[in-house]
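Asks: Take this structure first; my questions come after.
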There are 2 protein chains.
Amino acid sequence: MTVLVLTCEEDLTADIVVSTLQDLGVPLVRLDPADLPGKVALSAEYAGNDFHGYLKAGERMVSLSSLRSVWVRRPGTPGARAPEQSAWITAESEQALYGMLACTPARWMNHPVASVQARNKPWQLHIAHHSGFLVPPTLITTFPAVARQFAAVHQDLVVKSVSGKHPGDPPLVLPTTRISPDADFSGVAAGPTLLQQHIRKEADIRLTCVGEHLFAARKKADPEEVDSRFTQHGTWEPAEVPDSVERAVSSYMNTARLAYGAFDFAEDPDGAWWFLECNQGGQFGFVQLETDQPIAQAIATWLAVESLT
Amino acid sequence: MTVLVLTCEEDLTADIVVSTLQDLGVPLVRLDPADLPGKVALSAEYAGNDFHGYLKAGERMVSLSSLRSVWVRRPGTPGARAPEQSAWITAESEQALYGMLACTPARWMNHPVASVQARNKPWQLHIAHHSGFLVPPTLITTFPAVARQFAAVHQDLVVKSVSGKHPGDPPLVLPTTRISPDADFSGVAAGPTLLQQHIRKEADIRLTCVGEHLFAARKKADPEEVDSRFTQHGTWEPAEVPDSVERAVSSYMNTARLAYGAFDFAEDPDGAWWFLECNQGGQFGFVQLETDQPIAQAIATWLAVESLT
């Protein structure tokens with residue numbers, strides 16, 4: 001039984017997981033969907049009640065029925081390195097590859113369909129509430145009057161991108177930005193805007209969930225700072241996970257049908273963890289590097305376990 | 001409790017469903033996501049364990065908690081008619097609208113996440129097999145030698161698009177095309193290619209499934225013809241659904257988590273129905289027009305039923 005790793009070539013984080021799998025003696029195939037068609041080839045035949053398929057990556061060949069798990073890490077766009085590139089070749093390659101893989105009983109970290117839903121921020125907030133997390137009061141609106149009213153009630157606010165994307169080209173990460181309650185909110189009519197009560201935080205918390213294993217890390221924060229992705233000071237230290245958070249994470253992961261999730265929290269002066277987001281494809285290398293938490297090893301172990309089906 | 005219809009303005013098929021709902025006295029809001037932001041506005045607030053949201057379309061306002069169902073018919077792209085258009089406004093509007101709607105207990109015809117999976121043809125073939133349909137032997141491959149071998153075994157073949165898309169610009173519907181078993185298959189290395197045994201058919205069957213209601217229609221076909229979308233002769237007549245097909249449809253719809261599906265079959269000389277595809281957003285107007293089957297009414301009734309939650 002083989003592990004399939006879908007990622008680009010330059011992925012040092014994946015390298016750690018791959019070398020752990022190799023140490024465990026687990027057969028694996030690593031490929032970048034950008035190399036289909038070309039270095040990567042595929043075939044699947046549906047006949048009678050049978051389905052037989054295989055993938056070829058370089059000289060490695062793997063039968064789809066022998067896949068125990070698929071790790072969707074940082075895959076390139078199918079067809080992106082095809083000799084004849086086109087949106088059509090990409091669509092054909094993407095549907096063929098992911099469609100065939102969806103026909104196998106392999107475990108996914110994470111299943112692409114679950115990932116689509118899990119990336120949606122309004123849905124994240126809803127699931128987070130229902131899972132038992134503390135969630136800062138949040139508004140998504142195109143009504144300037146509603147935005148003004150929300151600002152009047154909550155006073156200390158941040159504004160974020162709803163989609164997590166940036167309006168610029170090339171798209172950069174859009175920092176979470178503090179906004180005055182007296183700001184001119186008329187612009188929200190031009191596009192849905194996400195306003196959230198600013199949590200004055202003592203620390204940032206990154207909780208990485210791998211199957212049933214939780215790895216939490218804490219980094220002291222300046223209470224005035226709102227987006228620690230853009231600050232370099234401080235280091236990540238291992239943190240204990242409160243029981244209530246552990247239960248909430250378990251509920252969230254089940255509802256979202258995720259095997260991997262990187263949760264961001266703001267820790268307030270009372271030690272409470274406020275849910276900010278869950279990134280189904282979030283990085284973990286920087287946490288492992290600073291805390292020595294064996295996250296890559298947990299991923300390798302999860303991928304190596306035989307499928308239950 | 002209100003029905004939400006997401007479709008473009010020029011949608012005569014939706015008009016029939018809407019007028020049926022009006023006859024039933026069911027409150028409804030019809031809007032085109034292309035009008036967000038602009039004619040369509042939205043707001044959602046997440047506070048404590050509560051979630052309150054509403055949509056405004058023209059002068060109509062609807063609370064998200066009062067939605068009984070959402071019909072995703074032919075919605076435009078969010079942001080497409082925004083005063084300031086950009087890929088970013090589209091991403092923000094799409095995530096906000098569909099994310100908020102995913103937080104409601106409304107029934108979906110069809111849920112966008114289920115639709116993503118249901119459009120995938122390799123997955124369709126797999127689910128069709130498992131649901132008990134007859135499925136023509138099919139190959140998806142980038143290996144010329146495998147294509148040649150498949151052709152030698154099955155002889156009478158058609159080639160189709162894997163993604164259902166067309167390589168041209170503007171994208172047209174790609175007709176299913178017959179291909180000689182002696183053809184030069186070296187080109188399949190340039191992109192995944194779908195080859196299928198050609199079913200010599202007596203008739204085309206279109207089966208429209210609306211919740212638990214099945215509407216089948218038959219149109220006599222020339223056995224030499226492969227894609228009846230491109231022929232004008234013949235008319236659709238109501239058809240009886242074989243028991244085995246009825247069971248298979250029910251299994252397929254459950255597995256795919258669809259409330260609506262338009263199935264295409266080829267009826268062979270023995271009267272057997274061969275699964276070709278299931279289009280989760282397939283048209284039904286032309287069948288209703290020729291057969292008088294009350295498909296629009298069934299959709300209206302399904303949408304009008306109170307949510308079970």
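In the structure tokens, the first chain shown is A, the next is B, and so on; residue numbers restart at 1 for each chain, and ligands run from 1 in the order shown.
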Near chain A, meaning an atom within 8 Å, which residues of chain B appear when counting only C-alpha atoms? Write them as a count of residues only.

Replies: 60

Asks: As a compact mmCIF listing (two decimals) with N, CA, C and O atoms, in the first residue's frame, please: the residues near range 210-225 of chain A (cut-off 6 Å, only C-alpha atoms, same-chain neighbours under 6 positions excluded).

Replies:
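selection-v6.txt, freshly written:
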# COMPACT_ATOMS: atom_id res chain seq x y z
N ARG A 200 -7.89 42.15 21.95
CA ARG A 200 -6.58 42.59 22.48
C ARG A 200 -5.89 41.35 23.01
O ARG A 200 -6.33 40.74 23.98
N LYS A 201 -4.82 40.98 22.37
CA LYS A 201 -4.26 39.67 22.66
C LYS A 201 -2.91 39.77 23.38
O LYS A 201 -2.11 40.66 23.13
N GLU A 202 -2.71 38.79 24.25
CA GLU A 202 -1.42 38.62 24.92
C GLU A 202 -0.50 37.78 24.05
O GLU A 202 0.72 37.87 24.15
N ALA A 203 -1.13 36.90 23.26
CA ALA A 203 -0.31 35.98 22.46
C ALA A 203 -1.10 35.50 21.25
O ALA A 203 -2.33 35.51 21.26
N ASP A 204 -0.35 35.11 20.22
CA ASP A 204 -0.92 34.37 19.11
C ASP A 204 -0.81 32.88 19.42
O ASP A 204 0.20 32.44 19.98
N THR A 235 9.27 34.19 19.53
CA THR A 235 9.42 32.82 19.01
C THR A 235 8.24 31.99 19.48
O THR A 235 7.58 32.30 20.47
N TRP A 236 7.99 30.94 18.76
CA TRP A 236 6.90 30.02 19.11
C TRP A 236 7.37 29.06 20.18
O TRP A 236 8.46 28.48 20.07
N GLU A 237 6.52 28.89 21.21
CA GLU A 237 6.80 27.96 22.29
C GLU A 237 5.64 26.97 22.37
O GLU A 237 4.49 27.36 22.16
N PRO A 238 5.92 25.72 22.73
CA PRO A 238 4.81 24.76 22.86
C PRO A 238 3.79 25.25 23.90
O PRO A 238 4.17 25.89 24.88
N ALA A 239 2.53 24.96 23.68
CA ALA A 239 1.46 25.39 24.61
C ALA A 239 0.54 24.21 24.91
O ALA A 239 0.37 23.31 24.08
N ALA A 259 -8.82 16.21 7.77
CA ALA A 259 -7.83 15.42 8.51
C ALA A 259 -6.70 16.31 9.00
O ALA A 259 -5.97 15.95 9.92
N TYR A 260 -6.54 17.47 8.37
CA TYR A 260 -5.49 18.42 8.74
C TYR A 260 -6.08 19.82 8.80
O TYR A 260 -6.84 20.20 7.91

Asks: Can you list, as number ranges by chain, all residues belonging to range 64-223 of chain B that DSSP tags as strand (DSSP E)?

Replies: B: 67-72, 107-109, 138-141, 157-160, 177-179, 193-197, 203-210, 213-220

Asks: Could you pull out all residues of range 23-239 of chain A with a DSSP call of alpha helix (DSSP H) and give them as a count of residues only?

Replies: 46

Asks: Compare A:Leu6, A:Pro181, A:Thr20, A:Val70 by their minimum atom-to-atom distance to Ile295 in chain A, counting only C-alpha atoms, and give me the closest one.

Replies: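 Closest candidate: A:Thr20.
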
Asks: Tell me, in Å to one decimal, how far CA of Ser19 in chain A is from CA of Met1 in chain A.

Replies: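 Those two atoms sit 17.0 Å apart.
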
Asks: Do you have the CA of Ser66 in chain B-CA of Val26 in chain B distance handy?

Replies: 12.3 Å

Asks: Would you mind telling me which residue in B:Glu9, B:Leu4, B:Val153, B:Ile179 lies nearest to Ser63 in chain B when using only C-alpha atoms?

Replies: B:Leu4
